[in-house]
$ cat entry-v8.pdb   # PDB, C-alpha atoms
MODEL        1
ATOM      1  CA  PHE A  12     -25.738  -9.336  -1.383  1.00  0.00           C
ATOM      2  CA  GLN A  13     -29.395  -9.929  -2.027  1.00  0.00           C
ATOM      3  CA  ALA A  14     -30.692  -8.663  -5.372  1.00  0.00           C
ATOM      4  CA  GLU A  15     -32.711  -5.476  -5.148  1.00  0.00           C
ATOM      5  CA  ASP A  16     -35.611  -4.296  -7.248  1.00  0.00           C
ATOM      6  CA  GLN A  17     -34.145  -3.063 -10.539  1.00  0.00           C
ATOM      7  CA  THR A  18     -37.189  -1.137 -11.741  1.00  0.00           C
ATOM      8  CA  PRO A  19     -35.796   2.058 -13.282  1.00  0.00           C
ATOM      9  CA  SER A  20     -36.572   5.066 -11.113  1.00  0.00           C
ATOM     10  CA  GLY A  21     -35.189   7.732 -13.428  1.00  0.00           C
ATOM     11  CA  LYS A  22     -33.017   8.867 -10.513  1.00  0.00           C
ATOM     12  CA  PHE A  23     -30.112   6.470 -11.205  1.00  0.00           C
ATOM     13  CA  THR A  24     -30.457   4.584  -7.939  1.00  0.00           C
ATOM     14  CA  THR A  25     -30.283   1.019  -9.284  1.00  0.00           C
ATOM     15  CA  ALA A  26     -27.414  -1.047 -10.631  1.00  0.00           C
ATOM     16  CA  GLY A  27     -29.223  -1.363 -13.948  1.00  0.00           C
ATOM     17  CA  GLU A  28     -29.492   2.402 -14.322  1.00  0.00           C
ATOM     18  CA  ILE A  29     -25.838   3.143 -13.588  1.00  0.00           C
ATOM     19  CA  LYS A  30     -24.191   0.182 -15.323  1.00  0.00           C
ATOM     20  CA  MET A  31     -23.875   1.902 -18.718  1.00  0.00           C
ATOM     21  CA  ILE A  32     -22.535   5.079 -17.133  1.00  0.00           C
ATOM     22  CA  LEU A  33     -19.905   3.282 -15.066  1.00  0.00           C
ATOM     23  CA  THR A  34     -18.897   1.096 -17.994  1.00  0.00           C
ATOM     24  CA  ALA A  35     -18.342   4.186 -20.156  1.00  0.00           C
ATOM     25  CA  THR A  36     -16.435   6.058 -17.459  1.00  0.00           C
ATOM     26  CA  LYS A  37     -14.271   3.234 -16.095  1.00  0.00           C
ATOM     27  CA  PRO A  38     -10.965   5.115 -16.651  1.00  0.00           C
ATOM     28  CA  ASN A  39     -12.309   7.870 -14.354  1.00  0.00           C
ATOM     29  CA  TRP A  40     -13.500   5.793 -11.410  1.00  0.00           C
ATOM     30  CA  VAL A  41     -10.566   6.856  -9.243  1.00  0.00           C
ATOM     31  CA  ALA A  42      -8.041   9.662  -9.295  1.00  0.00           C
ATOM     32  CA  VAL A  43      -4.781  10.286  -7.470  1.00  0.00           C
ATOM     33  CA  ARG A  44      -3.527  13.797  -6.859  1.00  0.00           C
ATOM     34  CA  LEU A  45      -0.325  15.032  -5.260  1.00  0.00           C
ATOM     35  CA  TYR A  46      -1.369  17.905  -2.994  1.00  0.00           C
ATOM     36  CA  ASN A  47       0.401  19.562  -0.075  1.00  0.00           C
ATOM     37  CA  GLY A  48       3.107  16.904  -0.072  1.00  0.00           C
ATOM     38  CA  GLN A  49       0.832  13.875   0.017  1.00  0.00           C
ATOM     39  CA  ASP A  50      -0.955  11.554  -2.376  1.00  0.00           C
ATOM     40  CA  ILE A  51      -4.725  11.855  -2.157  1.00  0.00           C
ATOM     41  CA  VAL A  52      -7.031   9.178  -3.616  1.00  0.00           C
ATOM     42  CA  TYR A  53     -10.455  10.281  -4.845  1.00  0.00           C
ATOM     43  CA  PHE A  54     -13.479   8.072  -5.632  1.00  0.00           C
ATOM     44  CA  THR A  55     -15.614  10.966  -6.892  1.00  0.00           C
ATOM     45  CA  GLN A  56     -16.913   9.238 -10.045  1.00  0.00           C
ATOM     46  CA  LEU A  57     -18.051   6.171  -8.112  1.00  0.00           C
ATOM     47  CA  LEU A  58     -19.543   8.289  -5.348  1.00  0.00           C
ATOM     48  CA  SER A  59     -21.592  10.174  -7.915  1.00  0.00           C
ATOM     49  CA  TRP A  60     -23.468   6.949  -8.748  1.00  0.00           C
ATOM     50  CA  ARG A  61     -23.232   5.211  -5.348  1.00  0.00           C
ATOM     51  CA  CYS A  62     -26.985   4.701  -5.005  1.00  0.00           C
ATOM     52  CA  GLY A  63     -26.671   1.845  -7.510  1.00  0.00           C
ATOM     53  CA  LEU A  64     -23.636   0.302  -5.776  1.00  0.00           C
ATOM     54  CA  HIS A  65     -23.301  -1.931  -2.734  1.00  0.00           C
ATOM     55  CA  GLN A  66     -19.674  -1.142  -2.002  1.00  0.00           C
ATOM     56  CA  VAL A  67     -16.338  -0.015  -3.374  1.00  0.00           C
ATOM     57  CA  LYS A  68     -13.308  -2.240  -2.842  1.00  0.00           C
ATOM     58  CA  TYR A  69      -9.776  -1.169  -3.676  1.00  0.00           C
ATOM     59  CA  ALA A  70      -6.126  -2.006  -3.098  1.00  0.00           C
ATOM     60  CA  ILE A  71      -3.188   0.388  -3.287  1.00  0.00           C
ATOM     61  CA  ASN A  72       0.039  -0.907  -4.856  1.00  0.00           C
ATOM     62  CA  ASP A  73      -1.027  -4.563  -4.665  1.00  0.00           C
ATOM     63  CA  GLY A  74      -1.673  -4.148  -0.937  1.00  0.00           C
ATOM     64  CA  PRO A  75      -4.562  -5.779   0.896  1.00  0.00           C
ATOM     65  CA  MET A  76      -8.084  -5.278  -0.463  1.00  0.00           C
ATOM     66  CA  GLN A  77      -9.968  -2.639   1.516  1.00  0.00           C
ATOM     67  CA  THR A  78     -13.542  -1.388   1.534  1.00  0.00           C
ATOM     68  CA  TYR A  79     -14.300   2.298   1.050  1.00  0.00           C
ATOM     69  CA  ASP A  80     -17.382   3.185   3.094  1.00  0.00           C
ATOM     70  CA  LEU A  81     -20.021   4.715   0.864  1.00  0.00           C
ATOM     71  CA  PRO A  82     -22.118   7.531   2.294  1.00  0.00           C
ATOM     72  CA  PRO A  83     -25.876   7.017   2.380  1.00  0.00           C
ATOM     73  CA  CYS A  84     -28.101   7.461  -0.627  1.00  0.00           C
ATOM     74  CA  HIS A  85     -30.548  10.336  -0.085  1.00  0.00           C
ATOM     75  CA  LEU A  86     -33.733   8.844  -1.510  1.00  0.00           C
ATOM     76  CA  ASP A  87     -35.770  11.634   0.101  1.00  0.00           C
ATOM     77  CA  LEU A  88     -34.049  14.291  -2.055  1.00  0.00           C
ATOM     78  CA  ALA A  89     -34.613  15.194  -5.698  1.00  0.00           C
ATOM     79  CA  ALA A  90     -30.975  14.231  -6.365  1.00  0.00           C
ATOM     80  CA  PRO A  91     -30.424  11.079  -4.260  1.00  0.00           C
ATOM     81  CA  ASN A  92     -26.784  10.704  -5.351  1.00  0.00           C
ATOM     82  CA  SER A  93     -25.870  14.178  -4.071  1.00  0.00           C
ATOM     83  CA  LEU A  94     -23.106  14.473  -1.501  1.00  0.00           C
ATOM     84  CA  ILE A  95     -23.905  16.570   1.552  1.00  0.00           C
ATOM     85  CA  ASP A  96     -21.226  18.388   3.542  1.00  0.00           C
ATOM     86  CA  ASN A  97     -18.205  16.135   4.127  1.00  0.00           C
ATOM     87  CA  GLU A  98     -19.944  12.795   3.566  1.00  0.00           C
ATOM     88  CA  ALA A  99     -17.294  11.460   1.217  1.00  0.00           C
ATOM     89  CA  MET A 100     -13.719  12.242   2.020  1.00  0.00           C
ATOM     90  CA  PRO A 101     -10.810  11.118  -0.138  1.00  0.00           C
ATOM     91  CA  ILE A 102      -8.102   8.865   1.244  1.00  0.00           C
ATOM     92  CA  MET A 103      -5.486  11.274   2.498  1.00  0.00           C
ATOM     93  CA  GLY A 104      -2.103  11.205   4.193  1.00  0.00           C
ATOM     94  CA  LEU A 105      -0.326   8.871   1.809  1.00  0.00           C
ATOM     95  CA  ALA A 106       3.364   9.446   1.176  1.00  0.00           C
ATOM     96  CA  PRO A 107       4.033  11.700  -1.825  1.00  0.00           C
ATOM     97  CA  GLU A 108       4.099   9.850  -5.134  1.00  0.00           C
ATOM     98  CA  SER A 109       3.652   6.535  -3.324  1.00  0.00           C
ATOM     99  CA  VAL A 110       0.482   5.422  -5.152  1.00  0.00           C
ATOM    100  CA  GLN A 111       1.653   3.510  -8.209  1.00  0.00           C
ATOM    101  CA  SER A 112      -1.425   1.384  -8.793  1.00  0.00           C
ATOM    102  CA  LEU A 113      -4.969   1.366  -7.531  1.00  0.00           C
TER     103      LEU A 113
ENDMDL
END
$ encode --input "entry-v8.pdb" --output "structure tokens"
Amino acid sequence: FQAEDQTPSGKFTTAGEIKMILTATKPNWVAVRLYNGQDIVYFTQLLSWRCGLHQVKYAINDGPMQTYDLPPCHLDLAAPNSLIDNEAMPIMGLAPESVQSL
């Protein structure tokens, strides 16, 4: 990736602005929940600061590395990191209690 302008915007849209937040919240980056008989993987914490990220890569149970598609950053809104409608869906349909590591 090519480096972007890191001038603080006050809207937490640069890597420099979100680095401290993500460092402090690392244990909360992902969550797994058993719901309706399936494991569901959430990236809510990372999505909340996605404007300062290029991508999210993950692997489930030492499987192949995958890329989670980040929804767009809404620079035209007062809260550019906001999620609109169903922009960011969790990973669903995994066998119950199958996610051991992420």
$ residues_around --input "entry-v8.pdb" --residues "Thr24 of chain A" --least-positions-apart "6" --cutoff "10 Å" --atoms "all atoms listed in the file" --output "ChimeraX atom specification"
/A:17-18,60-64,84-86,90-92
$ resolve_selection --input "entry-v8.pdb" --expression "the PyMOL selection byres ((chain A and resi 96-104) around 8)" --output "list in words"
Gln49, Asp50, Ile51, Val52, Tyr53, Phe54, Leu58, Leu81, Pro82, Leu94, Ile95, Leu105 and Ala106 of chain A
$ write_last_selection --input "entry-v8.pdb" --atoms "C-alpha atoms" --output "CSV table (one decimal), in the coordinates of the input"
chain,number,residue,atom,x,y,z
A,49,GLN,CA,0.8,13.9,0.0
A,50,ASP,CA,-1.0,11.6,-2.4
A,51,ILE,CA,-4.7,11.9,-2.2
A,52,VAL,CA,-7.0,9.2,-3.6
A,53,TYR,CA,-10.5,10.3,-4.8
A,54,PHE,CA,-13.5,8.1,-5.6
A,58,LEU,CA,-19.5,8.3,-5.3
A,81,LEU,CA,-20.0,4.7,0.9
A,82,PRO,CA,-22.1,7.5,2.3
A,94,LEU,CA,-23.1,14.5,-1.5
A,95,ILE,CA,-23.9,16.6,1.6
A,105,LEU,CA,-0.3,8.9,1.8
A,106,ALA,CA,3.4,9.4,1.2
$ atom_distance --input "entry-v8.pdb" --atom1 "atom CA of Val41 of chain A" --atom2 "atom CA of Thr55 of chain A"
6.9 Å
$ residues_around --input "entry-v8.pdb" --residues "Thr36 of chain A" --least-positions-apart "2" --cutoff "12 Å" --atoms "only C-alpha atoms" --output "ChimeraX atom specification"
/A:29-34,38-41,55-57,59-60
$ residues_near_point --input "entry-v8.pdb" --point "(-30.3, -8.9, -4.0)" --cutoff "12 Å" --atoms "only C-alpha atoms" --output "number ranges by chain"
A: 12-17, 25-26, 63-65
$ closest_residue --input "entry-v8.pdb" --among "A:Asp87, A:Leu113, A:Gly27, A:Gly21" --to "Asp73 of chain A" --atoms "all atoms listed in the file"
A:Leu113
$ axis_aligned_box --input "entry-v8.pdb" --around "segment 30-46 of chain A" --padding-each-side "4 Å" --output "AutoDock Vina command-line options"
--center_x -12.3 --center_y 9.0 --center_z -11.6 --size_x 31.9 --size_y 25.7 --size_z 25.2
$ atom_distance --input "entry-v8.pdb" --atom1 "atom CA of Ser112 of chain A" --atom2 "atom CA of Gln77 of chain A"
14.0 Å
$ closest_residue --input "entry-v8.pdb" --among "A:Leu45, A:Gln111, A:Tyr79, A:Ser20" --to "Val67 of chain A" --atoms "all atoms listed in the file"
A:Tyr79
$ atom_distance --input "entry-v8.pdb" --atom1 "atom CA of Pro107 of chain A" --atom2 "atom CA of Tyr46 of chain A"
8.3 Å
$ decode --input "entry-v8.pdb" --residues "segment 56-73 of chain A" --atoms "N, CA and C atoms" --output "compact mmCIF listing (two decimals), in the first residue's frame"
# COMPACT_ATOMS: atom_id res chain seq x y z
N GLN A 56 -15.19 -4.14 16.42
CA GLN A 56 -14.19 -3.18 16.93
C GLN A 56 -13.33 -2.64 15.78
N LEU A 57 -12.89 -3.52 14.90
CA LEU A 57 -12.07 -3.07 13.77
C LEU A 57 -12.90 -2.23 12.80
N LEU A 58 -14.14 -2.61 12.60
CA LEU A 58 -14.99 -1.86 11.68
C LEU A 58 -15.26 -0.45 12.20
N SER A 59 -15.27 -0.30 13.51
CA SER A 59 -15.51 1.01 14.10
C SER A 59 -14.41 2.01 13.80
N TRP A 60 -13.23 1.53 13.44
CA TRP A 60 -12.08 2.40 13.15
C TRP A 60 -11.53 2.13 11.75
N ARG A 61 -12.34 1.57 10.87
CA ARG A 61 -11.88 1.12 9.55
C ARG A 61 -11.33 2.22 8.66
N CYS A 62 -11.73 3.47 8.90
CA CYS A 62 -11.25 4.55 8.03
C CYS A 62 -9.73 4.69 8.10
N GLY A 63 -9.11 4.21 9.17
CA GLY A 63 -7.66 4.27 9.30
C GLY A 63 -6.98 2.96 8.94
N LEU A 64 -7.74 2.01 8.40
CA LEU A 64 -7.20 0.70 8.02
C LEU A 64 -7.25 0.52 6.51
N HIS A 65 -6.35 -0.32 6.00
CA HIS A 65 -6.41 -0.69 4.58
C HIS A 65 -7.21 -1.97 4.40
N GLN A 66 -7.01 -2.92 5.32
CA GLN A 66 -7.72 -4.18 5.21
C GLN A 66 -7.64 -4.96 6.52
N VAL A 67 -8.49 -5.96 6.61
CA VAL A 67 -8.48 -6.88 7.75
C VAL A 67 -8.24 -8.27 7.18
N LYS A 68 -7.21 -8.93 7.69
CA LYS A 68 -6.91 -10.30 7.29
C LYS A 68 -7.08 -11.19 8.51
N TYR A 69 -7.59 -12.39 8.28
CA TYR A 69 -7.84 -13.31 9.38
C TYR A 69 -7.74 -14.76 8.89
N ALA A 70 -7.57 -15.65 9.83
CA ALA A 70 -7.61 -17.09 9.55
C ALA A 70 -8.38 -17.73 10.70
N ILE A 71 -9.20 -18.70 10.39
CA ILE A 71 -9.96 -19.43 11.40
C ILE A 71 -9.32 -20.79 11.59
N ASN A 72 -8.99 -21.11 12.85
CA ASN A 72 -8.41 -22.42 13.20
C ASN A 72 -7.20 -22.78 12.34
N ASP A 73 -6.29 -21.87 12.19
CA ASP A 73 -5.07 -22.10 11.40
C ASP A 73 -5.36 -22.43 9.93
